[in-house]
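Engineer: What follows is a single structure, and I will ask about it in a moment.
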Amino acid sequence: MAPPLLSPRAHIQNLSEASALEPHWGYADRAMPCTNDAGSCRYLDVVYRSHDLGMYYVGIIWATLGALLLVWAIGRRVLHPQSSSSVQLPVPAGETPNERERRSALERLQRAVPAYARRYLLPDAARPVFGRTTRTQVLVLAVLTGYLAVWSFVGIAYGKWVTPVKKMPGVYNTRTSLGPWADRIGVIAYALTPLSVILSSRESILSLVTGLPYQSFNFLHRWLGYIIFAQSALHTVGWCVVELRLYQPQPSVGVEWIKQLYMVWGVVAMILLTLMVVLSTPWGIRLTGYEFFRKAHYVLAMLYIGACWGHWAQLKVFLLPSLLVWFLDRAIRLVRTALLHYNFLPSGHMGFRCATASVSFFPDAPHGDMVRLDFEHPHDAWAVGQHFYLTFPESSVWQSHPFTPLSRPVFNADAQHHSYVFRAKKGETKRIAALSARRALKSTVKEAPDGSAPAAAATLSVVLNGPYGEATTRALPPSTNVLCIAGGTGITYVLPVLLDLAARPPTRDRRITLVWVVRHARDLEWVAPELAVLKREARTSGLRVHIYVTRATEDSGSDGSTVSAGTGPSHSVSAPVSGFDEKAPAAKEDITSSSLSSSTSSSALSVHGTSKAALDHVQNRPDLQAVVQQFVEGTVRGRTQVFASGPGEMISELRRVVAGSNSGAQVWRGEERWDVGLTCDDRLEW
């Protein structure tokens, strides 16, 4: 007797007269020999052959992906060896940098090809459809879609067979290759499920192999989900046409088909998949909130995989790895968090201990209050450019958010200093800002009679998970010119780059520039200690800082005086961090809105927009085209690397500008300045 799951094929095959069951991996066993009419037997030949080929094809698909990753990994080691970040070869006397460059045609080719590719593949592609995504990722998606489309159609014998219905004279079934094709795309949808989970993993094996940060795969994860949805929908529609239209008599055949258990699970899986797709669209996330989307996505994904198992358990070979990868990703996160926080407790014993952060609160009701966290925690140094996921147990242990530390990691140190700045808009960050404001007010200590003012710091417990992301400066040669562009809180992404470069020995003829766009002059207080360090190091490193204030009119009162945080009716408490001043003595230097008048005349620090308060805030923004072009044209030697973080509009504009600054032909001739790269924080792009 055939197992219950094979009952969907019982109306086609004559199992009672079969002498043997022929197994087929991932499908129902076939009754042999075939005792049906000739048309039905021919149809079954096509069904089973196309399925067997389909299983081979999904193996080829996975083998192709594995081969590409292997080639990528080898290419990273052979063609692009890691450059030293601390050793610079001297230029021989009498030889210019360009002449030295021309000695190696292979090296020029390795630089010219990426420059040529960036010119055409770096800008955004069809933004209304794909969001703020580069043409490179859309090209990868197009290639993957075309590759899957080929395997969806090949190896199927297309035909039509009209067969009589037993014991019903004059009634015929119409059997076509629609059924085998619907099965094929259903199998591919199952086979792509593990890949979709891998692309969404934070502990990503793809990052280990390719060197790309995990967030780089979010676009492919999202669109691969759309592909799986399209395949599943076509699979469903195909079999609905077969069972509800082509098979006779109706409606009895259709009713019997839809009532079977495997079909019930199929309908459930399709409903769950539809919900996931709708909720994962940009407007769906904006409507429900990111935290709801994230939690709902996890639950729906697990239920979907379970429903797929119930629909067709023979293909569990693709579903079980999906579950294992998902749970392994979560387990590694928990282990990494535990290792980060397994330290000595105040009692002297070992155990889990949260980091205690000092809180600085900067009120900004119209745009969202700002919060700065500073703390030290004993663990190994992270790499510049990486970020941590922070959980605030006093608010919720079920949420974590990615934040880039604006402090510079120190290798071989017993503890690392962490500094974070974030804007509270809604959700968890808004709750943290409200909690920080309350604690900041409570921690304010009135001035003592003798004139001293002891500070009682407002604190907040923090749980770290990470680090994640790419090391942006590890392979940065000393000869590379660096242009950092940030908008608002995007300064946290580029500041560590500048602090790291400032700590290195200076390089002759190297240009380093920071362009930071803020709404108000008082926003400089977010990162005043770090700006003071940069101002001090600018004397030796050649660093130039340009700050653009776009809403200077809002900083001025009716008498024309500047209003800074803490002087108005709202409260601002900046709690000091123990040991910070000793490690960064330059932090004592005053870099605030009240010192702008003296800073504007400094060759290292210039502030724009304060003298043009009547201009619109858009007009006070820098012309990114001019900023990048003037920087590149002003370089003496070496290529240029642009680091950027800020609003999506700014990142899209920079992609276009940087792409236009590349010239593969000029780089091939030895003109390094036309080799311009862009590294940007794209964790939240849509």
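For the structure tokens, the naming scheme is as follows: chains receive sequential letters (A, B, ...) according to their order of presentation, residues are indexed from 1 within each chain, and ligands are indexed from 1 in presentation order.
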With a distance cut-off of 9 Å and only C-alpha atoms, select the neighbouring residues of region 662-678 of chain A, excluding the residue or stretch itself and same-chain residues fewer than 3 positions from it, and output the selection as a PyMOL selection string.

Structural biologist: chain A and resi 97-102+105+108-109+111-119+122+481+632-633+635-644+654-655+658-659

Engineer: Using DSSP on the backbone coordinates, identify the residues of region 75-216 of chain A assigned to strand (DSSP E); present them as a list of chain:residue names.

Structural biologist: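 In region 75-216 of chain A, DSSP puts these residues in strand (DSSP E): A:Lys160, A:Trp161, A:Val162, A:Thr163, A:Pro164, A:Tyr172, A:Asn173, A:Thr174, A:Arg175, A:Thr176.
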
Engineer: For the selection you just gave me, I'd like the residues written to a file as a short mmCIF file (atom, residue, chain, number, x, y, z; two decimals), in the first residue's frame, keeping N, CA, C and O atoms.

Structural biologist:
```cif
data_model
loop_
_atom_site.label_atom_id
_atom_site.label_comp_id
_atom_site.auth_asym_id
_atom_site.auth_seq_id
_atom_site.Cartn_x
_atom_site.Cartn_y
_atom_site.Cartn_z
N LYS A 160 1.01 17.56 -25.22
CA LYS A 160 -0.37 17.51 -24.76
C LYS A 160 -0.91 16.11 -25.02
O LYS A 160 -0.75 15.57 -26.12
N TRP A 161 -1.55 15.53 -23.99
CA TRP A 161 -2.09 14.19 -24.10
C TRP A 161 -3.53 14.19 -23.59
O TRP A 161 -3.78 14.55 -22.42
N VAL A 162 -4.44 13.83 -24.45
CA VAL A 162 -5.86 13.73 -24.08
C VAL A 162 -6.15 12.27 -23.80
O VAL A 162 -6.01 11.40 -24.67
N THR A 163 -6.55 11.97 -22.56
CA THR A 163 -6.74 10.58 -22.13
C THR A 163 -8.15 10.40 -21.59
O THR A 163 -8.73 11.32 -20.99
N PRO A 164 -8.72 9.21 -21.78
CA PRO A 164 -10.09 8.96 -21.30
C PRO A 164 -10.13 8.78 -19.79
O PRO A 164 -9.17 8.31 -19.18
N TYR A 172 -12.90 13.16 -20.90
CA TYR A 172 -11.45 13.05 -21.12
C TYR A 172 -10.69 14.02 -20.21
O TYR A 172 -11.15 15.13 -19.90
N ASN A 173 -9.50 13.57 -19.80
CA ASN A 173 -8.53 14.42 -19.11
C ASN A 173 -7.57 15.01 -20.13
O ASN A 173 -7.17 14.32 -21.08
N THR A 174 -7.20 16.25 -19.93
CA THR A 174 -6.19 16.88 -20.78
C THR A 174 -4.91 17.01 -19.95
O THR A 174 -4.86 17.76 -18.97
N ARG A 175 -3.91 16.25 -20.33
CA ARG A 175 -2.64 16.27 -19.61
C ARG A 175 -1.61 17.02 -20.46
O ARG A 175 -1.43 16.70 -21.64
N THR A 176 -0.96 17.99 -19.85
CA THR A 176 0.03 18.79 -20.56
C THR A 176 1.31 18.87 -19.73
O THR A 176 1.37 18.40 -18.59
#
```

Engineer: To one decimal place, how far is CA of Gly385 (chain A) from CA of Pro213 (chain A) in Å?

Structural biologist: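 Computing the Euclidean distance for CA of Gly385 (chain A) and CA of Pro213 (chain A) yields 10.3 Å.
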
Engineer: Any chance you could tabulate, as CSV, the residues of region 216-288 of chain A at most 12 Å from region 152-156 of chain A with each one's nearest atom pair and distance in Å to one decimal, using only C-alpha atoms, in chain and rising number order?

Structural biologist:
```
residue,atom,partner,partner_atom,distance
A:Gln231,CA,A:Ser152,CA,9.6
A:Leu234,CA,A:Ser152,CA,11.5
A:His235,CA,A:Ser152,CA,11.4
```

Engineer: For the selection you just gave me, I'd like the residues written to a file as a CSV table (one decimal), in the first residue's frame, keeping C-alpha atoms.

Structural biologist:
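That gives us part-v6.csv:
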```
chain,number,residue,atom,x,y,z
A,231,GLN,CA,7.9,30.6,-8.3
A,234,LEU,CA,3.3,30.1,-10.5
A,235,HIS,CA,3.5,26.6,-9.0
```

Engineer: Find, counting only C-alpha atoms, the residue in A:Asp364, A:Asp52, A:Glu428, A:Asp124 that gets nearest to Arg519 (chain A).

Structural biologist: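 Residue with the minimum atom-to-atom distance to Arg519 (chain A): A:Asp364.
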
Engineer: In Å, with one decimal, what is the gap from CA of Leu53 (chain A) to CA of Glu22 (chain A)?

Structural biologist: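 Answer for the CA of Leu53 (chain A) to CA of Glu22 (chain A) separation: 15.9 Å.
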
Engineer: Let's see if you can do this: from backbone DSSP, list all helix (DSSP H, G or I) residues in region 241-438 of chain A, as a ChimeraX atom specification.

Structural biologist: /A:241-246,252-258,261-280,282-288,290-311,313-341,428-438

Engineer: Under the rule that only C-alpha atoms are counted, which of A:Gly211, A:Pro194, A:Pro169, A:Gly146 is the nearest residue to Ala73 (chain A)?

Structural biologist: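 Among the listed residues, A:Gly211 lies closest to Ala73 (chain A).
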
Engineer: May I have the residues within 9 Å of region 501-515 of chain A as number ranges by chain, using only C-alpha atoms and disregarding those fewer than 5 positions away in the same chain?

Structural biologist: A: 85-86, 88, 473, 478-487, 494-496, 533-534, 537-538, 540-548, 622, 627, 631, 634-638, 640

Engineer: For the residues in that selection, give me N, CA, C and O atoms as a short mmCIF file (atom, residue, chain, number, x, y, z; two decimals), in the first residue's frame.

Structural biologist:
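That gives us out-v8.cif:
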```cif
data_model
loop_
_atom_site.label_atom_id
_atom_site.label_comp_id
_atom_site.auth_asym_id
_atom_site.auth_seq_id
_atom_site.Cartn_x
_atom_site.Cartn_y
_atom_site.Cartn_z
N SER A 85 49.00 48.35 6.19
CA SER A 85 48.47 49.65 6.59
C SER A 85 49.49 50.47 7.35
O SER A 85 49.21 51.57 7.76
N SER A 86 50.67 49.91 7.57
CA SER A 86 51.64 50.64 8.38
C SER A 86 52.99 50.76 7.71
O SER A 86 53.86 51.45 8.19
N GLN A 88 55.13 51.67 4.23
CA GLN A 88 55.07 52.31 2.92
C GLN A 88 56.44 52.24 2.27
O GLN A 88 57.44 52.64 2.86
N THR A 473 39.68 50.22 7.05
CA THR A 473 41.02 50.82 6.90
C THR A 473 42.14 49.79 6.97
O THR A 473 43.30 50.15 6.86
N PRO A 478 49.10 53.49 2.71
CA PRO A 478 49.42 54.84 3.20
C PRO A 478 49.37 55.91 2.12
O PRO A 478 49.23 57.08 2.44
N SER A 479 49.49 55.52 0.87
CA SER A 479 49.50 56.51 -0.21
C SER A 479 48.10 56.93 -0.64
O SER A 479 47.95 57.85 -1.45
N THR A 480 47.07 56.25 -0.13
CA THR A 480 45.70 56.55 -0.53
C THR A 480 45.20 57.83 0.12
O THR A 480 45.30 58.01 1.33
N ASN A 481 44.66 58.72 -0.69
CA ASN A 481 44.03 59.93 -0.18
C ASN A 481 42.63 59.60 0.33
O ASN A 481 41.93 58.77 -0.26
N VAL A 482 42.22 60.24 1.41
CA VAL A 482 40.97 59.88 2.07
C VAL A 482 40.07 61.11 2.18
O VAL A 482 40.48 62.15 2.71
N LEU A 483 38.85 60.96 1.68
CA LEU A 483 37.82 61.99 1.79
C LEU A 483 36.64 61.39 2.55
O LEU A 483 36.04 60.42 2.10
N CYS A 484 36.33 61.94 3.71
CA CYS A 484 35.21 61.47 4.52
C CYS A 484 34.07 62.48 4.44
O CYS A 484 34.27 63.67 4.65
N ILE A 485 32.88 61.98 4.14
CA ILE A 485 31.70 62.83 4.02
C ILE A 485 30.60 62.22 4.89
O ILE A 485 30.28 61.04 4.76
N ALA A 486 30.05 63.04 5.78
CA ALA A 486 29.03 62.55 6.70
C ALA A 486 27.89 63.55 6.80
O ALA A 486 28.08 64.76 6.68
N GLY A 487 26.72 63.02 7.02
CA GLY A 487 25.54 63.85 7.26
C GLY A 487 24.94 63.50 8.60
O GLY A 487 24.57 62.35 8.84
N VAL A 494 32.50 57.72 10.00
CA VAL A 494 33.75 58.22 9.41
C VAL A 494 34.75 58.69 10.45
O VAL A 494 35.95 58.73 10.17
N LEU A 495 34.29 59.05 11.64
CA LEU A 495 35.22 59.53 12.66
C LEU A 495 36.29 58.50 13.02
O LEU A 495 37.47 58.84 13.15
N PRO A 496 35.92 57.21 13.23
CA PRO A 496 36.96 56.23 13.53
C PRO A 496 38.01 56.12 12.44
O PRO A 496 39.19 55.85 12.73
N VAL A 533 40.53 66.08 19.21
CA VAL A 533 41.67 65.22 18.86
C VAL A 533 42.08 65.46 17.41
O VAL A 533 43.27 65.59 17.08
N LEU A 534 41.09 65.51 16.53
CA LEU A 534 41.40 65.73 15.11
C LEU A 534 42.04 67.10 14.89
O LEU A 534 42.97 67.24 14.08
N GLU A 537 45.66 66.77 15.93
CA GLU A 537 46.46 65.95 15.03
C GLU A 537 46.57 66.56 13.63
O GLU A 537 47.43 66.16 12.85
N ALA A 538 45.71 67.51 13.31
CA ALA A 538 45.74 68.12 11.98
C ALA A 538 47.06 68.83 11.70
O ALA A 538 47.46 68.98 10.55
N THR A 540 49.99 67.78 12.16
CA THR A 540 51.00 66.87 11.62
C THR A 540 50.48 66.00 10.48
O THR A 540 51.24 65.62 9.60
N SER A 541 49.19 65.68 10.52
CA SER A 541 48.64 64.78 9.50
C SER A 541 48.14 65.49 8.26
O SER A 541 47.88 64.85 7.24
N GLY A 542 48.00 66.81 8.32
CA GLY A 542 47.49 67.54 7.16
C GLY A 542 45.98 67.43 7.01
O GLY A 542 45.45 67.75 5.94
N LEU A 543 45.28 66.98 8.05
CA LEU A 543 43.83 66.83 8.00
C LEU A 543 43.14 68.18 7.89
O LEU A 543 43.52 69.14 8.55
N ARG A 544 42.10 68.24 7.06
CA ARG A 544 41.27 69.43 6.94
C ARG A 544 39.82 69.03 7.25
O ARG A 544 39.33 68.02 6.76
N VAL A 545 39.15 69.86 8.06
CA VAL A 545 37.77 69.60 8.47
C VAL A 545 36.89 70.74 8.00
O VAL A 545 37.16 71.91 8.30
N HIS A 546 35.85 70.41 7.25
CA HIS A 546 34.88 71.40 6.77
C HIS A 546 33.50 71.01 7.30
O HIS A 546 32.99 69.93 7.01
N ILE A 547 32.90 71.89 8.08
CA ILE A 547 31.60 71.64 8.69
C ILE A 547 30.58 72.60 8.07
O ILE A 547 30.80 73.81 8.03
N TYR A 548 29.49 72.05 7.57
CA TYR A 548 28.43 72.83 6.94
C TYR A 548 27.21 72.84 7.84
O TYR A 548 26.63 71.79 8.14
N PRO A 622 26.64 71.34 1.07
CA PRO A 622 27.78 71.39 0.13
C PRO A 622 27.41 70.77 -1.21
O PRO A 622 26.57 69.87 -1.29
N VAL A 627 32.84 69.13 -4.28
CA VAL A 627 33.69 68.66 -3.19
C VAL A 627 34.58 67.52 -3.65
O VAL A 627 35.81 67.54 -3.45
N PHE A 631 38.65 67.74 -4.58
CA PHE A 631 39.55 66.92 -3.78
C PHE A 631 40.42 66.04 -4.68
O PHE A 631 41.63 65.95 -4.50
N GLY A 634 43.00 67.91 -6.58
CA GLY A 634 44.04 68.47 -5.73
C GLY A 634 45.02 67.46 -5.19
O GLY A 634 45.97 67.82 -4.49
N THR A 635 44.81 66.16 -5.49
CA THR A 635 45.74 65.15 -5.01
C THR A 635 47.04 65.21 -5.79
O THR A 635 47.06 65.49 -6.99
N VAL A 636 48.14 64.91 -5.10
CA VAL A 636 49.47 64.91 -5.73
C VAL A 636 49.80 63.55 -6.29
O VAL A 636 50.32 63.42 -7.40
N ARG A 637 49.51 62.53 -5.55
CA ARG A 637 49.76 61.16 -6.00
C ARG A 637 48.84 60.22 -5.24
O ARG A 637 48.24 60.58 -4.23
N GLY A 638 48.71 59.00 -5.75
CA GLY A 638 47.89 58.00 -5.10
C GLY A 638 46.43 58.08 -5.50
O GLY A 638 45.95 59.08 -6.03
N THR A 640 42.20 57.69 -4.50
CA THR A 640 41.35 58.32 -3.50
C THR A 640 40.29 57.34 -3.04
O THR A 640 39.69 56.62 -3.85
#
```

Engineer: Interatomic distance between CA of Val462 (chain A) and CA of Glu394 (chain A)?

Structural biologist: 8.6 Å

Engineer: Taking only C-alpha atoms into account, name the residue in A:Asp183, A:Glu470, A:Glu653, A:Glu243 that is nearest to Trp312 (chain A).

Structural biologist: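 Answer, going by the shortest atom-to-atom distance: A:Asp183.
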
Engineer: If we count only C-alpha atoms, what is near Asn412 (chain A) at a cut-off of 9 Å, once residues fewer than 3 positions away on the same chain are taken out, given as a count of residues only?

Structural biologist: 3

Engineer: Counting only C-alpha atoms, what is within 12 Å of Ile12 (chain A), bar same-chain residues fewer than 2 positions away, as JSON, numbers by chain?

Structural biologist: {"A": [6, 7, 8, 9, 10, 14, 15, 16, 28, 30, 31, 34, 35, 36, 37, 39, 40, 41, 42, 43, 44, 47, 163, 164, 165, 166, 173, 175, 243, 247, 253]}

Engineer: Near Pro402 (chain A), counting only C-alpha atoms, which residues have an atom at most 12 Å away, once you skip same-chain residues fewer than 3 positions from it, shown as a compact mmCIF listing (two decimals) with C-alpha atoms, in the first residue's frame?

Structural biologist:
```txt
# COMPACT_ATOMS: atom_id res chain seq x y z
CA ARG A 202 24.32 37.99 10.53
CA GLN A 215 24.42 43.70 5.13
CA GLN A 386 32.75 47.54 12.25
CA HIS A 387 29.64 47.97 14.38
CA PHE A 388 27.99 46.36 17.37
CA TYR A 389 24.42 45.44 18.15
CA LEU A 390 23.38 47.06 21.41
CA THR A 391 20.67 45.80 23.72
CA GLN A 399 15.48 44.27 20.83
CA PRO A 405 31.38 53.11 17.75
CA TYR A 420 28.06 55.87 20.53
CA VAL A 421 25.81 58.67 19.30
CA PHE A 422 22.30 58.06 18.04
CA THR A 429 15.62 54.50 20.59
CA VAL A 463 24.71 44.40 26.29
CA LEU A 464 27.01 44.10 23.27
CA ASN A 465 26.90 41.67 20.37
CA GLY A 466 29.52 41.79 17.67
CA PRO A 467 31.53 43.17 16.09
CA TYR A 468 30.12 42.93 12.57
CA GLY A 469 30.90 44.55 9.24
CA THR A 492 30.04 58.02 13.77
CA TYR A 493 30.96 55.96 10.70
CA ASP A 681 27.35 52.65 5.48
CA ASP A 682 24.46 50.91 3.72
CA ARG A 683 22.88 48.95 6.57
CA LEU A 684 19.48 50.64 6.24
```
